[in-house]
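Student: Sending over work-v2.txt (compact mmCIF, C-alpha atoms and all ligand atoms).
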```
# COMPACT_ATOMS: atom_id res chain seq x y z
CA MET A 1 10.24 -168.36 -68.56
CA HIS A 2 12.46 -171.45 -68.28
CA THR A 3 15.51 -170.44 -66.23
CA LYS A 4 17.90 -172.60 -68.31
CA LEU A 5 17.20 -170.26 -71.23
CA LEU A 6 18.47 -167.17 -69.44
CA PRO A 7 22.21 -167.65 -70.12
CA LEU A 8 21.41 -168.33 -73.77
CA ILE A 9 19.35 -165.14 -74.02
CA ALA A 10 22.12 -163.17 -72.33
CA LEU A 11 24.62 -164.61 -74.82
CA ALA A 12 22.36 -163.77 -77.75
CA LEU A 13 21.98 -160.18 -76.53
CA PHE A 14 25.76 -159.93 -76.10
CA VAL A 15 26.39 -161.18 -79.66
CA VAL A 16 23.80 -158.78 -81.06
CA GLY A 17 25.41 -155.94 -79.12
CA CYS A 18 28.84 -156.80 -80.50
CA THR A 19 27.75 -156.89 -84.12
CA THR A 20 25.97 -153.54 -84.06
CA ALA A 21 27.74 -151.04 -86.26
CA GLY A 22 28.29 -147.42 -85.27
CA VAL A 23 25.72 -145.09 -86.77
CA ILE A 24 26.59 -142.15 -88.98
CA PRO A 25 24.22 -139.38 -87.86
CA PRO A 26 21.77 -138.40 -90.61
CA GLN A 27 21.42 -134.80 -91.67
CA ASP A 28 19.70 -132.57 -89.16
CA VAL A 29 16.20 -132.93 -90.54
CA SER A 30 14.92 -129.98 -88.53
CA LEU A 31 17.19 -127.80 -90.67
CA ASP A 32 16.92 -129.62 -93.94
CA PRO A 33 14.31 -132.32 -94.49
CA GLU A 34 15.72 -133.35 -97.84
CA PRO A 35 17.85 -136.50 -97.65
CA ARG A 36 20.42 -135.39 -100.20
CA SER A 37 22.80 -137.67 -102.04
CA MET A 38 26.03 -137.34 -103.99
CA TYR A 39 28.29 -139.53 -106.09
CA LEU A 40 31.42 -141.18 -104.74
CA SER A 41 33.38 -139.62 -107.61
CA GLU A 42 32.25 -136.15 -106.40
CA MET A 43 33.32 -137.02 -102.85
CA ALA A 44 36.76 -138.12 -104.10
CA THR A 45 37.20 -134.92 -106.12
CA GLU A 46 36.17 -132.65 -103.24
CA LEU A 47 38.39 -134.44 -100.75
CA GLY A 48 41.32 -134.68 -103.17
CA TRP A 49 41.29 -138.45 -102.62
CA THR A 50 41.04 -141.32 -105.12
CA TYR A 51 38.62 -144.23 -105.35
CA GLU A 52 38.69 -147.64 -106.98
CA SER A 53 36.42 -150.66 -107.17
CA GLY A 54 37.01 -153.57 -104.81
CA PRO A 55 38.26 -155.35 -102.80
CA GLU A 56 35.00 -157.36 -103.00
CA PRO A 57 32.46 -157.34 -105.85
CA ARG A 58 30.18 -154.24 -105.73
CA GLN A 59 32.58 -152.59 -103.27
CA TYR A 60 34.33 -149.28 -103.79
CA THR A 61 37.22 -147.91 -101.75
CA LEU A 62 37.96 -144.23 -101.21
CA LYS A 63 41.66 -143.71 -100.43
CA SER A 64 43.30 -140.73 -98.77
CA PRO A 65 46.85 -139.67 -99.67
CA LYS A 66 47.85 -140.82 -96.17
CA GLY A 67 46.59 -144.35 -96.86
CA ASP A 68 43.22 -144.21 -95.04
CA ARG A 69 40.55 -146.36 -96.66
CA VAL A 70 36.77 -145.88 -96.62
CA THR A 71 34.89 -148.74 -98.29
CA PHE A 72 31.24 -148.77 -99.45
CA LYS A 73 29.11 -151.44 -101.08
CA GLY A 74 26.28 -151.06 -103.58
CA GLY A 75 22.97 -152.09 -102.02
CA SER A 76 24.35 -151.84 -98.49
CA ASP A 77 24.29 -149.15 -95.81
CA LEU A 78 27.54 -150.33 -94.24
CA VAL A 79 30.63 -148.10 -94.39
CA PHE A 80 34.06 -149.49 -93.47
CA VAL A 81 36.65 -147.00 -92.25
CA ASN A 82 40.01 -148.78 -92.10
CA THR A 83 39.17 -151.58 -89.63
CA THR A 84 35.84 -150.40 -88.23
CA ARG A 85 32.37 -150.42 -89.68
CA TRP A 86 29.56 -147.90 -89.54
CA LYS A 87 25.98 -147.73 -90.70
CA ALA A 88 24.84 -144.94 -93.04
CA GLU A 89 21.33 -143.48 -93.08
CA ARG A 90 20.46 -145.39 -96.26
CA ASP A 91 21.94 -147.75 -98.84
CA ALA A 92 24.56 -146.88 -101.42
CA VAL A 93 23.26 -147.32 -104.98
CA GLU A 94 25.52 -148.35 -107.87
CA ASN A 95 25.28 -146.49 -111.15
CA ARG A 96 24.50 -148.33 -114.33
CA ASN A 97 28.10 -148.52 -115.54
CA GLY A 98 29.21 -150.11 -112.27
CA ASN A 99 31.92 -147.50 -111.73
CA ASP A 100 30.36 -145.10 -109.24
CA LEU A 101 28.10 -145.08 -106.19
CA TYR A 102 25.26 -142.78 -105.12
CA LEU A 103 25.64 -142.13 -101.38
CA PRO A 104 23.86 -140.10 -98.70
CA GLU A 105 25.46 -136.68 -98.36
CA SER A 106 25.63 -137.28 -94.61
CA VAL A 107 28.33 -139.89 -95.30
CA PHE A 108 30.45 -137.26 -97.07
CA ASN A 109 29.98 -134.79 -94.22
CA TRP A 110 30.90 -137.48 -91.75
CA VAL A 111 34.09 -138.43 -93.65
CA CYS A 112 35.04 -134.71 -93.83
CA LYS A 113 34.53 -134.31 -90.10
CA ARG A 114 36.34 -137.53 -89.24
CA PHE A 115 39.38 -136.64 -91.36
CA GLY A 116 39.58 -132.99 -90.28
CA GLN A 117 38.19 -131.50 -93.51
CA HIS A 118 35.36 -129.57 -91.83
CA HIS A 119 35.58 -126.77 -94.39
CA LEU A 120 34.41 -129.17 -97.13
CA MET A 121 31.22 -130.20 -95.29
CA ARG A 122 28.04 -129.42 -97.18
CA GLY A 123 24.79 -127.82 -96.13
CA PRO A 124 23.33 -126.90 -92.77
CA ILE A 125 25.01 -129.79 -90.96
CA ARG A 126 28.20 -127.69 -91.12
CA GLN A 127 26.99 -125.93 -87.97
CA SER A 128 25.88 -129.17 -86.35
CA THR A 129 27.45 -130.18 -83.05
CA VAL A 130 26.31 -133.81 -83.26
CA ASP A 131 28.91 -136.09 -81.70
CA LEU A 132 29.78 -139.26 -83.52
CA THR A 133 29.01 -142.64 -82.03
CA PRO A 134 32.23 -144.19 -80.66
CA LEU A 135 33.98 -146.68 -82.88
CA THR A 136 33.04 -150.30 -82.49
CA PRO A 137 35.35 -153.28 -83.02
CA ASP A 138 35.32 -154.64 -86.54
CA THR A 139 33.19 -157.74 -86.99
CA PRO A 140 32.72 -159.89 -90.07
CA VAL A 141 29.48 -159.22 -91.93
CA SER A 142 27.56 -162.23 -93.15
CA PRO A 143 27.14 -162.02 -96.92
CA VAL A 144 23.68 -161.28 -98.32
CA PRO A 145 22.39 -164.30 -100.27
CA VAL A 146 22.03 -162.85 -103.75
CA ASP A 147 20.20 -165.06 -106.22
CA GLY A 148 20.56 -162.56 -109.06
CA ALA A 149 16.94 -162.66 -110.27
CA LEU A 150 16.83 -158.86 -110.16
CA LYS A 151 20.41 -158.11 -111.17
CA GLY A 152 20.65 -154.82 -113.04
CA LEU A 153 17.27 -153.55 -111.80
CA VAL A 154 17.06 -150.29 -109.84
CA VAL A 155 13.95 -149.94 -107.66
CA CYS A 156 12.96 -146.84 -105.71
CA VAL A 157 10.93 -147.79 -102.63
CA ASP A 158 8.96 -144.87 -101.16
CA ALA A 159 7.65 -145.43 -97.65
CA GLY A 160 4.64 -143.11 -97.55
CA HIS A 161 4.37 -140.18 -95.12
CA GLY A 162 6.80 -140.04 -92.14
CA GLY A 163 8.01 -137.58 -89.52
CA LYS A 164 5.58 -134.67 -89.15
CA ASP A 165 3.08 -136.46 -91.44
CA PRO A 166 1.66 -139.62 -89.83
CA GLY A 167 -0.70 -140.37 -92.74
CA GLY A 168 -3.89 -142.14 -91.67
CA MET A 169 -4.46 -143.28 -88.10
CA ALA A 170 -7.19 -145.67 -87.00
CA ASN A 171 -7.77 -148.62 -84.70
CA GLY A 172 -4.42 -148.15 -82.98
CA VAL A 173 -2.24 -148.23 -86.12
CA VAL A 174 -0.38 -145.38 -87.79
CA GLU A 175 0.13 -145.40 -91.55
CA LYS A 176 3.69 -144.00 -91.58
CA ASP A 177 4.94 -146.84 -89.35
CA ILE A 178 3.27 -149.59 -91.40
CA CYS A 179 4.68 -148.06 -94.61
CA LEU A 180 8.21 -147.86 -93.21
CA ASN A 181 8.25 -151.42 -91.84
CA VAL A 182 6.98 -152.90 -95.10
CA SER A 183 9.36 -150.74 -97.17
CA LEU A 184 12.46 -151.67 -95.16
CA ARG A 185 11.57 -155.35 -95.41
CA LEU A 186 10.91 -154.97 -99.14
CA ARG A 187 14.29 -153.30 -99.56
CA ASP A 188 16.08 -156.24 -97.91
CA LEU A 189 14.26 -158.77 -100.09
CA LEU A 190 14.95 -156.83 -103.31
CA VAL A 191 18.63 -156.43 -102.45
CA ALA A 192 18.85 -160.15 -101.66
CA SER A 193 17.57 -160.80 -105.19
CA GLY A 194 20.27 -158.62 -106.69
CA ALA A 195 18.40 -155.32 -107.24
CA SER A 196 19.78 -151.91 -106.36
CA VAL A 197 17.32 -150.09 -104.13
CA ILE A 198 16.88 -146.37 -103.54
CA MET A 199 14.94 -145.64 -100.34
CA THR A 200 13.23 -142.27 -100.07
CA ARG A 201 13.41 -142.70 -96.30
CA THR A 202 14.66 -145.36 -93.87
CA THR A 203 13.66 -143.60 -90.65
CA ASP A 204 10.75 -141.57 -89.29
CA VAL A 205 11.40 -138.45 -91.38
CA TYR A 206 9.32 -136.63 -93.99
CA PRO A 207 11.01 -136.05 -97.36
CA GLU A 208 8.98 -133.63 -99.50
CA LEU A 209 7.07 -135.31 -102.32
CA GLU A 210 9.16 -133.50 -104.97
CA ASP A 211 12.32 -134.80 -103.32
CA ARG A 212 11.04 -138.36 -103.29
CA CYS A 213 10.48 -138.06 -107.04
CA SER A 214 13.85 -136.47 -107.74
CA MET A 215 15.63 -139.21 -105.77
CA ALA A 216 14.03 -141.80 -108.05
CA ASN A 217 14.63 -139.75 -111.22
CA ARG A 218 18.23 -138.82 -110.41
CA GLY A 219 19.01 -142.39 -109.38
CA ASN A 220 17.66 -143.65 -112.73
CA ALA A 221 15.27 -146.06 -111.04
CA ASP A 222 13.49 -148.50 -113.36
CA LEU A 223 10.57 -149.00 -110.99
CA PHE A 224 9.00 -146.83 -108.29
CA ILE A 225 6.77 -148.24 -105.56
CA SER A 226 5.09 -145.91 -103.08
CA VAL A 227 3.79 -147.86 -100.06
CA HIS A 228 0.64 -146.66 -98.26
CA ALA A 229 -2.31 -147.91 -96.21
CA ASN A 230 -5.88 -146.75 -96.64
CA ILE A 231 -8.63 -145.07 -94.64
CA ALA A 232 -12.32 -145.09 -95.55
CA PRO A 233 -13.69 -141.98 -93.83
CA ASN A 234 -17.26 -143.11 -93.34
CA SER A 235 -17.09 -146.87 -93.02
CA ASP A 236 -15.30 -149.45 -90.95
CA GLU A 237 -16.42 -152.18 -93.34
CA VAL A 238 -14.49 -151.25 -96.48
CA ALA A 239 -11.53 -153.61 -96.89
CA GLY A 240 -8.99 -154.75 -99.44
CA ILE A 241 -5.96 -154.00 -101.52
CA GLU A 242 -5.63 -151.54 -104.40
CA ALA A 243 -2.94 -149.82 -106.42
CA PHE A 244 -2.87 -146.60 -108.43
CA PHE A 245 -1.00 -145.67 -111.60
CA LYS A 246 -0.94 -142.58 -113.81
CA GLY A 247 -3.51 -142.84 -116.60
CA GLY A 248 -1.96 -143.49 -120.01
CA LYS A 249 1.15 -145.22 -118.64
CA SER A 250 0.58 -148.80 -119.78
CA ASP A 251 3.79 -150.08 -118.16
CA SER A 252 2.66 -148.67 -114.80
CA GLU A 253 -0.78 -150.19 -115.29
CA ARG A 254 0.74 -153.64 -115.94
CA PHE A 255 3.01 -153.25 -112.91
CA ALA A 256 0.06 -152.19 -110.71
CA ARG A 257 -1.94 -155.25 -111.80
CA VAL A 258 0.95 -157.60 -111.04
CA LEU A 259 1.49 -156.06 -107.58
CA VAL A 260 -2.21 -156.22 -106.63
CA GLU A 261 -2.43 -159.81 -107.83
CA ALA A 262 0.66 -160.74 -105.78
CA MET A 263 -0.60 -159.05 -102.59
CA VAL A 264 -4.12 -160.46 -102.90
CA GLY A 265 -2.73 -163.92 -103.65
CA ALA A 266 -0.46 -163.86 -100.59
CA SER A 267 -2.92 -162.35 -98.11
CA GLY A 268 -6.34 -163.50 -99.23
CA ALA A 269 -7.58 -159.90 -98.74
CA PRO A 270 -10.22 -158.62 -101.19
CA SER A 271 -8.94 -157.05 -104.40
CA ARG A 272 -10.07 -153.52 -105.26
CA GLY A 273 -7.96 -153.64 -108.39
CA ALA A 274 -5.41 -151.51 -110.20
CA LYS A 275 -6.85 -148.06 -110.83
CA VAL A 276 -6.08 -144.87 -112.68
CA ASP A 277 -5.04 -142.25 -110.11
CA PRO A 278 -7.92 -139.76 -110.01
CA ARG A 279 -6.13 -137.30 -107.70
CA GLY A 280 -2.95 -136.40 -109.62
CA LEU A 281 -0.74 -137.89 -106.90
CA ARG A 282 2.60 -136.11 -107.02
CA VAL A 283 4.71 -139.27 -106.74
CA LEU A 284 2.95 -140.71 -109.80
CA GLU A 285 2.96 -137.45 -111.77
CA LYS A 286 6.58 -136.43 -111.26
CA THR A 287 8.37 -139.77 -111.52
CA ASN A 288 9.83 -140.61 -114.95
CA MET A 289 9.76 -144.38 -114.64
CA THR A 290 7.14 -147.13 -114.21
CA ALA A 291 5.46 -146.02 -110.98
CA VAL A 292 2.75 -147.43 -108.72
CA LEU A 293 1.25 -146.40 -105.39
CA VAL A 294 0.03 -149.41 -103.42
CA GLU A 295 -2.54 -149.37 -100.63
CA LEU A 296 -1.90 -152.37 -98.39
CA GLY A 297 -5.34 -152.42 -96.76
CA PHE A 298 -7.78 -150.31 -94.74
CA MET A 299 -6.73 -149.16 -91.29
CA SER A 300 -10.32 -148.01 -90.79
CA ASN A 301 -11.42 -151.66 -90.92
CA PRO A 302 -10.70 -153.12 -87.44
CA GLU A 303 -9.81 -156.56 -88.79
CA GLU A 304 -7.43 -155.24 -91.48
CA ALA A 305 -5.94 -152.75 -88.99
CA ARG A 306 -5.16 -155.58 -86.59
CA LYS A 307 -3.37 -157.51 -89.35
CA LEU A 308 -1.57 -154.45 -90.76
CA GLY A 309 -0.18 -153.74 -87.30
CA THR A 310 1.55 -157.12 -87.03
CA ARG A 311 5.10 -157.77 -88.12
CA SER A 312 4.14 -161.07 -89.76
CA TYR A 313 1.53 -159.45 -92.02
CA GLN A 314 3.89 -156.58 -92.87
CA ASP A 315 6.55 -159.15 -93.86
CA LEU A 316 3.97 -161.07 -95.89
CA MET A 317 3.06 -157.92 -97.83
CA ALA A 318 6.73 -157.06 -98.39
CA LYS A 319 7.35 -160.57 -99.71
CA ALA A 320 4.31 -160.29 -102.00
CA LEU A 321 5.55 -156.95 -103.38
CA HIS A 322 9.01 -158.45 -103.92
CA ASP A 323 7.52 -161.43 -105.74
CA GLY A 324 5.44 -159.03 -107.84
CA VAL A 325 8.59 -157.11 -108.81
CA VAL A 326 10.32 -160.37 -109.79
CA LYS A 327 7.33 -161.40 -111.89
CA TYR A 328 7.02 -158.00 -113.60
CA TRP A 329 10.76 -157.69 -114.22
CA THR A 330 11.04 -161.22 -115.60
CA ARG A 331 8.21 -160.54 -118.06
CA ASN A 332 9.09 -156.98 -118.99
CA ARG A 333 12.87 -156.87 -118.68
CA ALA A 334 13.35 -156.07 -122.35
CA SER A 335 11.10 -153.01 -122.27
CA VAL A 336 12.32 -151.84 -118.83
CA SER A 337 16.03 -152.02 -119.67
CA LYS A 338 17.37 -148.65 -120.72
ZN ZN B 1 -0.94 -142.63 -97.47
```
What is this structure when it is put down as structure tokens?

Tutor:
Amino acid sequence: MHTKLLPLIALALFVVGCTTAGVIPPQDVSLDPEPRSMYLSEMATELGWTYESGPEPRQYTLKSPKGDRVTFKGGSDLVFVNTTRWKAERDAVENRNGNDLYLPESVFNWVCKRFGQHHLMRGPIRQSTVDLTPLTPDTPVSPVPVDGALKGLVVCVDAGHGGKDPGGMANGVVEKDICLNVSLRLRDLLVASGASVIMTRTTDVYPELEDRCSMANRGNADLFISVHANIAPNSDEVAGIEAFFKGGKSDSERFARVLVEAMVGASGAPSRGAKVDPRGLRVLEKTNMTAVLVELGFMSNPEEARKLGTRSYQDLMAKALHDGVVKYWTRNRASVSK
């Protein structure tokens, strides 16, 4: 390494360190694996506080009678408490009328704890002894470049497997990790295009399949994408991309075709097509909206496994899925809009 670079690297690390937000601890998943959510209006009612939109677009501020302010933003996981900022376990999602936010319940519990309202805390975390991360100095957040192509669209991104369930494992790659990396990247790209995104998980946890579906249904998602990678049990030669949809749902079939086409076009991997789900996959059966399960490639194929394990290929697949969503939404906006 060139020694002249060292001070620069040290400076970069320092800047990164300074801009890291405190982290609101997620719910204790060993007690309750379901990442529950609640509306900002419910939080305000339970706390006896008020909330209003602003100060920035898509922001909402919860105000205590004493003048404390907690600010959230649709499509963002940042939480501002007076002059400090924190990171929630997943993004806040705006409702359709633009007057309320859907937030992780852990944020509510954290606000209760922070403002001495322990008796209002919900669920098993009430007994938790987790200490909060110390406050960090406030730092300006660079705005997300929103181009608005997906404004008004709500997408639920479901990173397959997680936690106790690794999914497939082959050739040194683990499905749950590939799914999460691609899903987080996809979330950022969708948000940058103006969509609201519901994540079924943003960390290495396992939400039950029913809960993944109810998050999408309760959040009124327009589109649901479950992200997976494949294993062929008896062959290391099988390769390629495929997507599944529930038979009889023509919107899901169209969406599956567009996503496969986008992924194949971006990666050059073989296409195995958009297929009717033969297995009755829960996330396709129990979701009310246009829903597709994508298989990014075969981990059992050494060449595809090597690619799937790289950040650059994961980003490429996320970008392809994003572009597929833009294409589908642009063509089908009229029929998707509720
Ligand atoms: Zn899977």

Student: Around ligand ZN 1 (chain B), which protein and nucleic acid residues have at least one atom no more than 7 Å from it, if we count all atoms listed in the file? List them as a list in words.

Tutor: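 Listed by chain and ascending number, the contacts are Gly160, His161, Gly167, Gly168, Glu175, His228, Ala229 and Asn230 of chain A.
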
Student: Dump C-alpha atoms for the selected residues as a PDB file, in the coordinates of the input?

Tutor:
```
ATOM      1  CA  GLY A 160       4.640-143.110 -97.550  1.00  0.00           C
ATOM      2  CA  HIS A 161       4.370-140.180 -95.120  1.00  0.00           C
ATOM      3  CA  GLY A 167      -0.700-140.370 -92.740  1.00  0.00           C
ATOM      4  CA  GLY A 168      -3.890-142.140 -91.670  1.00  0.00           C
ATOM      5  CA  GLU A 175       0.130-145.400 -91.550  1.00  0.00           C
ATOM      6  CA  HIS A 228       0.640-146.660 -98.260  1.00  0.00           C
ATOM      7  CA  ALA A 229      -2.310-147.910 -96.210  1.00  0.00           C
ATOM      8  CA  ASN A 230      -5.880-146.750 -96.640  1.00  0.00           C
TER       9      ASN A 230
END
```

Student: Restricting the calculation to all atoms listed in the file: of A:Asp277, A:Asp165, A:Glu242, A:Glu285, which residue gets closest to Glu210 of chain A?

Tutor: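 Counting all atoms listed in the file, the residue closest to Glu210 of chain A is A:Glu285.
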
Student: Between atom CA of Lys113 of chain A and atom CA of Pro57 of chain A, measure the distance and give it in Å to one decimal.

Tutor: 28.0 Å

Student: Rank nothing, just name the residue among A:Ala274, A:Val326, A:Leu190, A:Val283 nearest to Leu209 of chain A, using only C-alpha atoms.

Tutor: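 Comparing A:Ala274, A:Val326, A:Leu190, A:Val283 against Leu209 of chain A, the winner is A:Val283.
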
Student: For Asn301 of chain A, which residue out of A:Ala262, A:Ala232, A:Val325, A:Met289 is the nearest one, using all atoms listed in the file?

Tutor: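 Answer, going by the shortest atom-to-atom distance: A:Ala232.
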
Student: Counting all atoms listed in the file, which of A:Glu261, A:Glu94, A:Asp100, A:Asp251 gets nearest to Glu42 of chain A?

Tutor: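 Of the candidates, the smallest distance to Glu42 of chain A is held by A:Asp100.
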
Student: Find the residue from A:Ser250, A:Thr202, A:Thr310, A:Asn95 that sits nearest to Tyr39 of chain A; use only C-alpha atoms when measuring.

Tutor: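 Residue with the minimum atom-to-atom distance to Tyr39 of chain A: A:Asn95.
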
Student: With only C-alpha atoms as the basis for distance, which of A:Ala149, A:Leu284, A:Ala221, A:Leu316 is at the shortest distance from Val197 of chain A?

Tutor: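 Looking at the shortest contact to Val197 of chain A, the residue is A:Ala221.
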
Student: Distance atom CA of Pro270 of chain A-atom CA of Met169 of chain A, one decimal place?

Tutor: 21.0 Å

Student: Excluding Met263 of chain A and residues on its chain fewer than 5 positions from it, collect all residues at most 10 Å away from it, counting only C-alpha atoms, and give them as a ChimeraX atom specification.

Tutor: /A:240-242,258,268-271,294,296,316-324

Student: Quote the spacing between atom CA of Asn332 of chain A and atom CA of Ser196 of chain A in Å to one decimal place.

Tutor: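 Interatomic distance here is 17.3 Å.
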
Student: Using all atoms listed in the file, list the residues that have an atom at most 12 Å from (38.0, -150.1, -101.3), coordinates as in the file, as an mmCIF file with C-alpha atoms, keeping the file's coordinate frame.

Tutor:
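Written output follows (point.cif):
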```
data_model
loop_
_atom_site.group_PDB
_atom_site.id
_atom_site.type_symbol
_atom_site.label_atom_id
_atom_site.label_comp_id
_atom_site.auth_asym_id
_atom_site.auth_seq_id
_atom_site.Cartn_x
_atom_site.Cartn_y
_atom_site.Cartn_z
ATOM 1 C CA LEU A 40 31.420 -141.180 -104.740
ATOM 2 C CA THR A 50 41.040 -141.320 -105.120
ATOM 3 C CA TYR A 51 38.620 -144.230 -105.350
ATOM 4 C CA GLU A 52 38.690 -147.640 -106.980
ATOM 5 C CA SER A 53 36.420 -150.660 -107.170
ATOM 6 C CA GLY A 54 37.010 -153.570 -104.810
ATOM 7 C CA PRO A 55 38.260 -155.350 -102.800
ATOM 8 C CA GLU A 56 35.000 -157.360 -103.000
ATOM 9 C CA PRO A 57 32.460 -157.340 -105.850
ATOM 10 C CA ARG A 58 30.180 -154.240 -105.730
ATOM 11 C CA GLN A 59 32.580 -152.590 -103.270
ATOM 12 C CA TYR A 60 34.330 -149.280 -103.790
ATOM 13 C CA THR A 61 37.220 -147.910 -101.750
ATOM 14 C CA LEU A 62 37.960 -144.230 -101.210
ATOM 15 C CA LYS A 63 41.660 -143.710 -100.430
ATOM 16 C CA SER A 64 43.300 -140.730 -98.770
ATOM 17 C CA GLY A 67 46.590 -144.350 -96.860
ATOM 18 C CA ASP A 68 43.220 -144.210 -95.040
ATOM 19 C CA ARG A 69 40.550 -146.360 -96.660
ATOM 20 C CA VAL A 70 36.770 -145.880 -96.620
ATOM 21 C CA THR A 71 34.890 -148.740 -98.290
ATOM 22 C CA PHE A 72 31.240 -148.770 -99.450
ATOM 23 C CA LYS A 73 29.110 -151.440 -101.080
ATOM 24 C CA GLY A 74 26.280 -151.060 -103.580
ATOM 25 C CA VAL A 79 30.630 -148.100 -94.390
ATOM 26 C CA PHE A 80 34.060 -149.490 -93.470
ATOM 27 C CA VAL A 81 36.650 -147.000 -92.250
ATOM 28 C CA ASN A 82 40.010 -148.780 -92.100
ATOM 29 C CA THR A 83 39.170 -151.580 -89.630
#
```

Student: Write out as a list of chain:residue names each polymer residue whose atoms come within 10 Å of Gly280 of chain A, counting all atoms listed in the file; drop sequence neighbours fewer than 4 positions from it.

Tutor: A:Phe245, A:Lys246, A:Gly247, A:Val276, A:Leu284, A:Glu285, A:Lys286

Student: Start from the incomplete input, build N, CA and C atoms for segment 190-204 of chain A, and deliver everything as a PDB file, in the frame of the given file.

Tutor:
```pdb
ATOM      1  N   LEU A 190      14.537-157.209-101.951  1.00  0.00           N
ATOM      2  CA  LEU A 190      14.950-156.830-103.310  1.00  0.00           C
ATOM      3  C   LEU A 190      16.471-156.899-103.443  1.00  0.00           C
ATOM      4  N   VAL A 191      17.158-156.398-102.417  1.00  0.00           N
ATOM      5  CA  VAL A 191      18.630-156.430-102.450  1.00  0.00           C
ATOM      6  C   VAL A 191      19.115-157.879-102.473  1.00  0.00           C
ATOM      7  N   ALA A 192      18.451-158.729-101.695  1.00  0.00           N
ATOM      8  CA  ALA A 192      18.850-160.150-101.660  1.00  0.00           C
ATOM      9  C   ALA A 192      18.658-160.803-103.017  1.00  0.00           C
ATOM     10  N   SER A 193      17.770-160.253-103.842  1.00  0.00           N
ATOM     11  CA  SER A 193      17.570-160.800-105.190  1.00  0.00           C
ATOM     12  C   SER A 193      18.429-160.084-106.234  1.00  0.00           C
ATOM     13  N   GLY A 194      19.305-159.220-105.771  1.00  0.00           N
ATOM     14  CA  GLY A 194      20.270-158.620-106.690  1.00  0.00           C
ATOM     15  C   GLY A 194      19.921-157.233-107.194  1.00  0.00           C
ATOM     16  N   ALA A 195      18.781-156.667-106.772  1.00  0.00           N
ATOM     17  CA  ALA A 195      18.400-155.320-107.240  1.00  0.00           C
ATOM     18  C   ALA A 195      19.183-154.255-106.481  1.00  0.00           C
ATOM     19  N   SER A 196      19.318-153.087-107.091  1.00  0.00           N
ATOM     20  CA  SER A 196      19.780-151.910-106.360  1.00  0.00           C
ATOM     21  C   SER A 196      18.533-151.179-105.907  1.00  0.00           C
ATOM     22  N   VAL A 197      18.526-150.713-104.666  1.00  0.00           N
ATOM     23  CA  VAL A 197      17.320-150.090-104.130  1.00  0.00           C
ATOM     24  C   VAL A 197      17.633-148.678-103.636  1.00  0.00           C
ATOM     25  N   ILE A 198      16.810-147.731-104.055  1.00  0.00           N
ATOM     26  CA  ILE A 198      16.880-146.370-103.540  1.00  0.00           C
ATOM     27  C   ILE A 198      15.713-146.227-102.566  1.00  0.00           C
ATOM     28  N   MET A 199      16.004-145.866-101.331  1.00  0.00           N
ATOM     29  CA  MET A 199      14.940-145.640-100.340  1.00  0.00           C
ATOM     30  C   MET A 199      14.727-144.140-100.207  1.00  0.00           C
ATOM     31  N   THR A 200      13.464-143.704-100.268  1.00  0.00           N
ATOM     32  CA  THR A 200      13.230-142.270-100.070  1.00  0.00           C
ATOM     33  C   THR A 200      13.342-141.916 -98.591  1.00  0.00           C
ATOM     34  N   ARG A 201      13.118-142.903 -97.720  1.00  0.00           N
ATOM     35  CA  ARG A 201      13.410-142.700 -96.300  1.00  0.00           C
ATOM     36  C   ARG A 201      13.624-144.063 -95.649  1.00  0.00           C
ATOM     37  N   THR A 202      14.466-144.110 -94.607  1.00  0.00           N
ATOM     38  CA  THR A 202      14.660-145.360 -93.870  1.00  0.00           C
ATOM     39  C   THR A 202      14.387-145.131 -92.392  1.00  0.00           C
ATOM     40  N   THR A 203      13.976-143.913 -92.043  1.00  0.00           N
ATOM     41  CA  THR A 203      13.660-143.600 -90.650  1.00  0.00           C
ATOM     42  C   THR A 203      12.379-142.768 -90.630  1.00  0.00           C
ATOM     43  N   ASP A 204      11.997-142.320 -89.449  1.00  0.00           N
ATOM     44  CA  ASP A 204      10.750-141.570 -89.290  1.00  0.00           C
ATOM     45  C   ASP A 204      10.987-140.100 -89.634  1.00  0.00           C
TER      46      ASP A 204
END
```
